[in-house]
Amino acid sequence: MNLLNEMFLTIPSLSKNQAFARSVVAAFCVSANPTLEEINDIKTAVSEAVTNCVVHGYRSGEGKIEISAKLYEDTVEIEIKDYGVGISDTAKAMQPFFTTKPEQERSGMGFTVMQAFMDEVKISSEKDKGTTVFMKKIFEKKEPLDA
């Protein structure tokens with residue numbers, strides 16, 4: 001795979017930065033000519049990952065969220081990282097409807113949504129050191145436009 005571009009962004013863990021983060025990553029991917037559906041998939045997955053950092057990683061406290069992305073001809077790889085409380089059982093956290101915040105009426109579908117919209121999702125986490133979510137989206141092949 002030939003790396004075309006990469007980006008790195010650090011934002012405070014504020015819920016209002018979720019829309020900013022998803023817009024930045026979507027704009028970064030545009031040069032690979034993804035479909036509108038692929039862009040929307042990426043935006044949705046990034047939104048879920050950033051929201052998890054804010055709500056669960058820092059438990060609505062302050063911290064930083066690091067977002068990096070690598071763009072290839074037909075693929076984008078995205079990492080979203082926090083330095084919060086970590087996830088003690090990532091397999092359990094990835095199960096549909098599992099939530100650590102039922103009192104906030106959280107659906108427990110964040111990781112399920114990420115998996116539904118991306119081609120690959122991996123999570124690594126360490127107690128009191130944070131969580132990294134790796135996501136990969138493969139863009140559909142398009143015929144070159146005739147000049």
# chains A, B, ... in the order shown; residues from 1 in each chain; ligands from 1
call {"tool": "select_by_dssp", "arguments": {"residues": "range 11-117 of chain A", "states": "helix (DSSP H, G or I)", "output": "PyMOL selection string"}}
result
chain A and resi 17-32+36-57+90-93+102-104+110-117
call {"tool": "residues_around", "arguments": {"residues": "Phe20 in chain A", "least_positions_apart": "2", "cutoff": "12 Å", "atoms": "only C-alpha atoms", "output": "PyMOL selection string"}}
result
chain A and resi 9-18+22-27+43+46-47+50-51+67
call {"tool": "select_by_dssp", "arguments": {"residues": "chain A", "states": "strand (DSSP E or B)", "output": "count of residues only"}}
result
43
call {"tool": "residues_around", "arguments": {"residues": "Glu120 in chain A", "least_positions_apart": "5", "cutoff": "7 Å", "atoms": "only C-alpha atoms", "output": "PyMOL selection string"}}
result
chain A and resi 115+135-137
call {"tool": "atom_distance", "arguments": {"atom1": "CA of Phe117 in chain A", "atom2": "CA of Phe139 in chain A"}}
result
11.9 Å
call {"tool": "closest_residue", "arguments": {"among": "A:Ala21, A:Thr75, A:Val30, A:Gly86", "to": "Thr132 in chain A", "atoms": "only C-alpha atoms"}}
result
A:Gly86
call {"tool": "residues_around", "arguments": {"residues": "Asp128 in chain A", "least_positions_apart": "2", "cutoff": "7 Å", "atoms": "only C-alpha atoms", "output": "list in words"}}
result
Gly84, Val85, Gly86, Glu126 and Gly130 of chain A
call {"tool": "write_last_selection", "arguments": {"atoms": "N, CA and C atoms", "output": "PDB file, in the first residue's frame"}}
result
ATOM      1  N   GLY A  84      -7.461   8.026  29.415  1.00  0.00           N
ATOM      2  CA  GLY A  84      -8.393   7.977  30.538  1.00  0.00           C
ATOM      3  C   GLY A  84      -8.295   6.701  31.355  1.00  0.00           C
ATOM      4  N   VAL A  85      -9.466   6.263  31.834  1.00  0.00           N
ATOM      5  CA  VAL A  85      -9.536   5.165  32.799  1.00  0.00           C
ATOM      6  C   VAL A  85      -9.276   3.796  32.196  1.00  0.00           C
ATOM      7  N   GLY A  86      -9.397   3.665  30.888  1.00  0.00           N
ATOM      8  CA  GLY A  86      -9.189   2.373  30.244  1.00  0.00           C
ATOM      9  C   GLY A  86     -10.417   1.483  30.350  1.00  0.00           C
ATOM     10  N   GLU A 126      -5.663  -0.181  28.498  1.00  0.00           N
ATOM     11  CA  GLU A 126      -4.957  -0.524  29.727  1.00  0.00           C
ATOM     12  C   GLU A 126      -5.530   0.313  30.857  1.00  0.00           C
ATOM     13  N   GLY A 130      -5.530   4.394  29.429  1.00  0.00           N
ATOM     14  CA  GLY A 130      -6.273   4.819  28.253  1.00  0.00           C
ATOM     15  C   GLY A 130      -6.621   3.724  27.273  1.00  0.00           C
TER      16      GLY A 130
END
call {"tool": "closest_residue", "arguments": {"among": "A:Glu66, A:Ala49, A:Thr44, A:Asp119", "to": "Val133 in chain A", "atoms": "only C-alpha atoms"}}
result
A:Ala49
call {"tool": "closest_residue", "arguments": {"among": "A:Val121, A:Ile65, A:Leu71, A:Ala91", "to": "Cys29 in chain A", "atoms": "only C-alpha atoms"}}
result
A:Leu71
call {"tool": "residues_around", "arguments": {"residues": "Phe28 in chain A", "least_positions_apart": "6", "cutoff": "10 Å", "atoms": "only C-alpha atoms", "output": "MDAnalysis selection string"}}
result
chainID A and resid 5:7 22 69:71 76
call {"tool": "decode", "arguments": {"residues": "chain A", "atoms": "C-alpha atoms", "output": "tab-separated table (two decimals), in the first residue's frame"}}
result
chain	number	residue	atom	x	y	z
A	1	MET	CA	0.00	0.00	0.00
A	2	ASN	CA	1.22	3.41	-0.94
A	3	LEU	CA	0.79	6.07	1.78
A	4	LEU	CA	-0.73	9.19	0.21
A	5	ASN	CA	-1.12	11.39	3.28
A	6	GLU	CA	-1.37	11.36	7.06
A	7	MET	CA	-2.72	13.65	9.75
A	8	PHE	CA	-2.60	14.06	13.49
A	9	LEU	CA	-5.02	16.05	15.65
A	10	THR	CA	-5.22	16.58	19.41
A	11	ILE	CA	-8.42	17.98	20.90
A	12	PRO	CA	-9.76	18.45	24.42
A	13	SER	CA	-12.26	15.80	25.55
A	14	LEU	CA	-15.29	18.05	25.18
A	15	SER	CA	-18.52	16.73	23.68
A	16	LYS	CA	-18.70	19.75	21.37
A	17	ASN	CA	-15.46	18.58	19.69
A	18	GLN	CA	-17.12	15.37	18.46
A	19	ALA	CA	-18.64	17.12	15.41
A	20	PHE	CA	-15.33	18.88	14.72
A	21	ALA	CA	-13.36	15.62	14.86
A	22	ARG	CA	-15.69	13.80	12.48
A	23	SER	CA	-15.64	16.70	10.02
A	24	VAL	CA	-11.84	16.90	10.05
A	25	VAL	CA	-11.41	13.18	9.39
A	26	ALA	CA	-14.07	13.24	6.65
A	27	ALA	CA	-12.41	16.23	4.96
A	28	PHE	CA	-9.04	14.48	5.19
A	29	CYS	CA	-10.45	11.45	3.31
A	30	VAL	CA	-11.94	13.43	0.41
A	31	SER	CA	-8.78	13.28	-1.71
A	32	ALA	CA	-9.21	9.47	-1.99
A	33	ASN	CA	-12.56	10.11	-3.71
A	34	PRO	CA	-14.74	8.01	-1.40
A	35	THR	CA	-18.46	7.72	-1.98
A	36	LEU	CA	-20.86	9.83	0.08
A	37	GLU	CA	-21.91	6.66	1.88
A	38	GLU	CA	-18.29	5.88	2.77
A	39	ILE	CA	-17.77	9.42	4.10
A	40	ASN	CA	-20.92	9.11	6.22
A	41	ASP	CA	-19.75	5.73	7.54
A	42	ILE	CA	-16.43	7.25	8.59
A	43	LYS	CA	-18.11	10.25	10.21
A	44	THR	CA	-20.44	7.98	12.19
A	45	ALA	CA	-17.64	5.71	13.41
A	46	VAL	CA	-15.40	8.66	14.39
A	47	SER	CA	-18.33	10.25	16.26
A	48	GLU	CA	-18.87	7.08	18.25
A	49	ALA	CA	-15.19	6.68	19.11
A	50	VAL	CA	-14.77	10.31	20.21
A	51	THR	CA	-17.99	10.17	22.24
A	52	ASN	CA	-16.66	7.06	24.01
A	53	CYS	CA	-13.49	8.98	24.93
A	54	VAL	CA	-15.49	11.86	26.37
A	55	VAL	CA	-18.17	9.87	28.21
A	56	HIS	CA	-16.28	6.76	29.28
A	57	GLY	CA	-12.55	7.44	28.92
A	58	TYR	CA	-12.55	10.58	30.99
A	59	ARG	CA	-15.95	10.07	32.62
A	60	SER	CA	-16.96	13.51	31.37
A	61	GLY	CA	-13.86	15.04	32.97
A	62	GLU	CA	-10.99	16.77	31.20
A	63	GLY	CA	-8.38	15.08	29.09
A	64	LYS	CA	-7.10	14.96	25.55
A	65	ILE	CA	-8.10	12.91	22.56
A	66	GLU	CA	-5.56	12.14	19.85
A	67	ILE	CA	-6.76	11.34	16.35
A	68	SER	CA	-4.45	10.13	13.63
A	69	ALA	CA	-5.27	8.96	10.13
A	70	LYS	CA	-3.32	7.45	7.26
A	71	LEU	CA	-4.73	7.67	3.78
A	72	TYR	CA	-3.87	5.16	1.10
A	73	GLU	CA	-5.20	4.92	-2.46
A	74	ASP	CA	-8.21	2.81	-1.45
A	75	THR	CA	-8.09	2.75	2.36
A	76	VAL	CA	-8.07	4.98	5.40
A	77	GLU	CA	-6.74	3.86	8.78
A	78	ILE	CA	-7.86	5.89	11.79
A	79	GLU	CA	-6.69	5.74	15.41
A	80	ILE	CA	-8.53	7.52	18.20
A	81	LYS	CA	-6.79	7.50	21.55
A	82	ASP	CA	-7.52	8.74	25.06
A	83	TYR	CA	-5.45	8.61	28.24
A	84	GLY	CA	-8.39	7.98	30.54
A	85	VAL	CA	-9.54	5.17	32.80
A	86	GLY	CA	-9.19	2.37	30.24
A	87	ILE	CA	-11.45	-0.60	29.63
A	88	SER	CA	-11.00	-3.58	31.94
A	89	ASP	CA	-12.67	-6.08	29.57
A	90	THR	CA	-12.60	-5.00	25.91
A	91	ALA	CA	-14.42	-8.14	24.71
A	92	LYS	CA	-17.31	-7.38	27.06
A	93	ALA	CA	-17.29	-3.69	26.12
A	94	MET	CA	-17.65	-4.61	22.46
A	95	GLN	CA	-20.81	-6.64	23.07
A	96	PRO	CA	-24.03	-4.98	21.89
A	97	PHE	CA	-25.99	-3.20	24.64
A	98	PHE	CA	-23.14	-3.32	27.18
A	99	THR	CA	-22.76	0.01	28.96
A	100	THR	CA	-21.06	1.28	32.07
A	101	LYS	CA	-23.42	4.27	32.15
A	102	PRO	CA	-26.99	2.85	32.26
A	103	GLU	CA	-28.09	5.77	34.46
A	104	GLN	CA	-27.34	8.09	31.52
A	105	GLU	CA	-29.52	5.96	29.24
A	106	ARG	CA	-26.53	4.96	27.10
A	107	SER	CA	-27.44	2.31	24.55
A	108	GLY	CA	-24.18	0.37	24.72
A	109	MET	CA	-24.00	0.27	20.93
A	110	GLY	CA	-20.91	2.43	20.27
A	111	PHE	CA	-18.50	-0.35	19.31
A	112	THR	CA	-21.26	-2.20	17.46
A	113	VAL	CA	-21.92	0.90	15.37
A	114	MET	CA	-18.19	1.31	14.64
A	115	GLN	CA	-18.00	-2.32	13.52
A	116	ALA	CA	-21.09	-1.94	11.32
A	117	PHE	CA	-19.68	1.07	9.45
A	118	MET	CA	-15.99	0.20	9.21
A	119	ASP	CA	-14.22	-2.78	7.64
A	120	GLU	CA	-12.03	-3.39	10.68
A	121	VAL	CA	-12.16	-2.24	14.32
A	122	LYS	CA	-9.60	-3.14	16.99
A	123	ILE	CA	-9.37	-1.91	20.55
A	124	SER	CA	-6.43	-1.88	22.91
A	125	SER	CA	-6.79	-0.60	26.44
A	126	GLU	CA	-4.96	-0.52	29.73
A	127	LYS	CA	-6.44	0.33	33.11
A	128	ASP	CA	-5.72	3.96	34.07
A	129	LYS	CA	-3.63	4.49	30.92
A	130	GLY	CA	-6.27	4.82	28.25
A	131	THR	CA	-7.78	3.26	25.19
A	132	THR	CA	-6.91	3.23	21.50
A	133	VAL	CA	-9.48	2.41	18.83
A	134	PHE	CA	-8.10	1.45	15.43
A	135	MET	CA	-10.53	1.57	12.49
A	136	LYS	CA	-10.03	0.80	8.83
A	137	LYS	CA	-12.29	1.64	5.89
A	138	ILE	CA	-11.65	0.23	2.41
A	139	PHE	CA	-13.08	2.39	-0.34
A	140	GLU	CA	-14.92	0.78	-3.22
A	141	LYS	CA	-13.02	0.51	-6.47
A	142	LYS	CA	-14.03	3.09	-9.04
A	143	GLU	CA	-13.39	3.17	-12.74
A	144	PRO	CA	-11.14	6.06	-13.76
A	145	LEU	CA	-12.99	8.93	-15.37
A	146	ASP	CA	-12.30	9.38	-19.07
A	147	ALA	CA	-10.82	12.76	-19.93
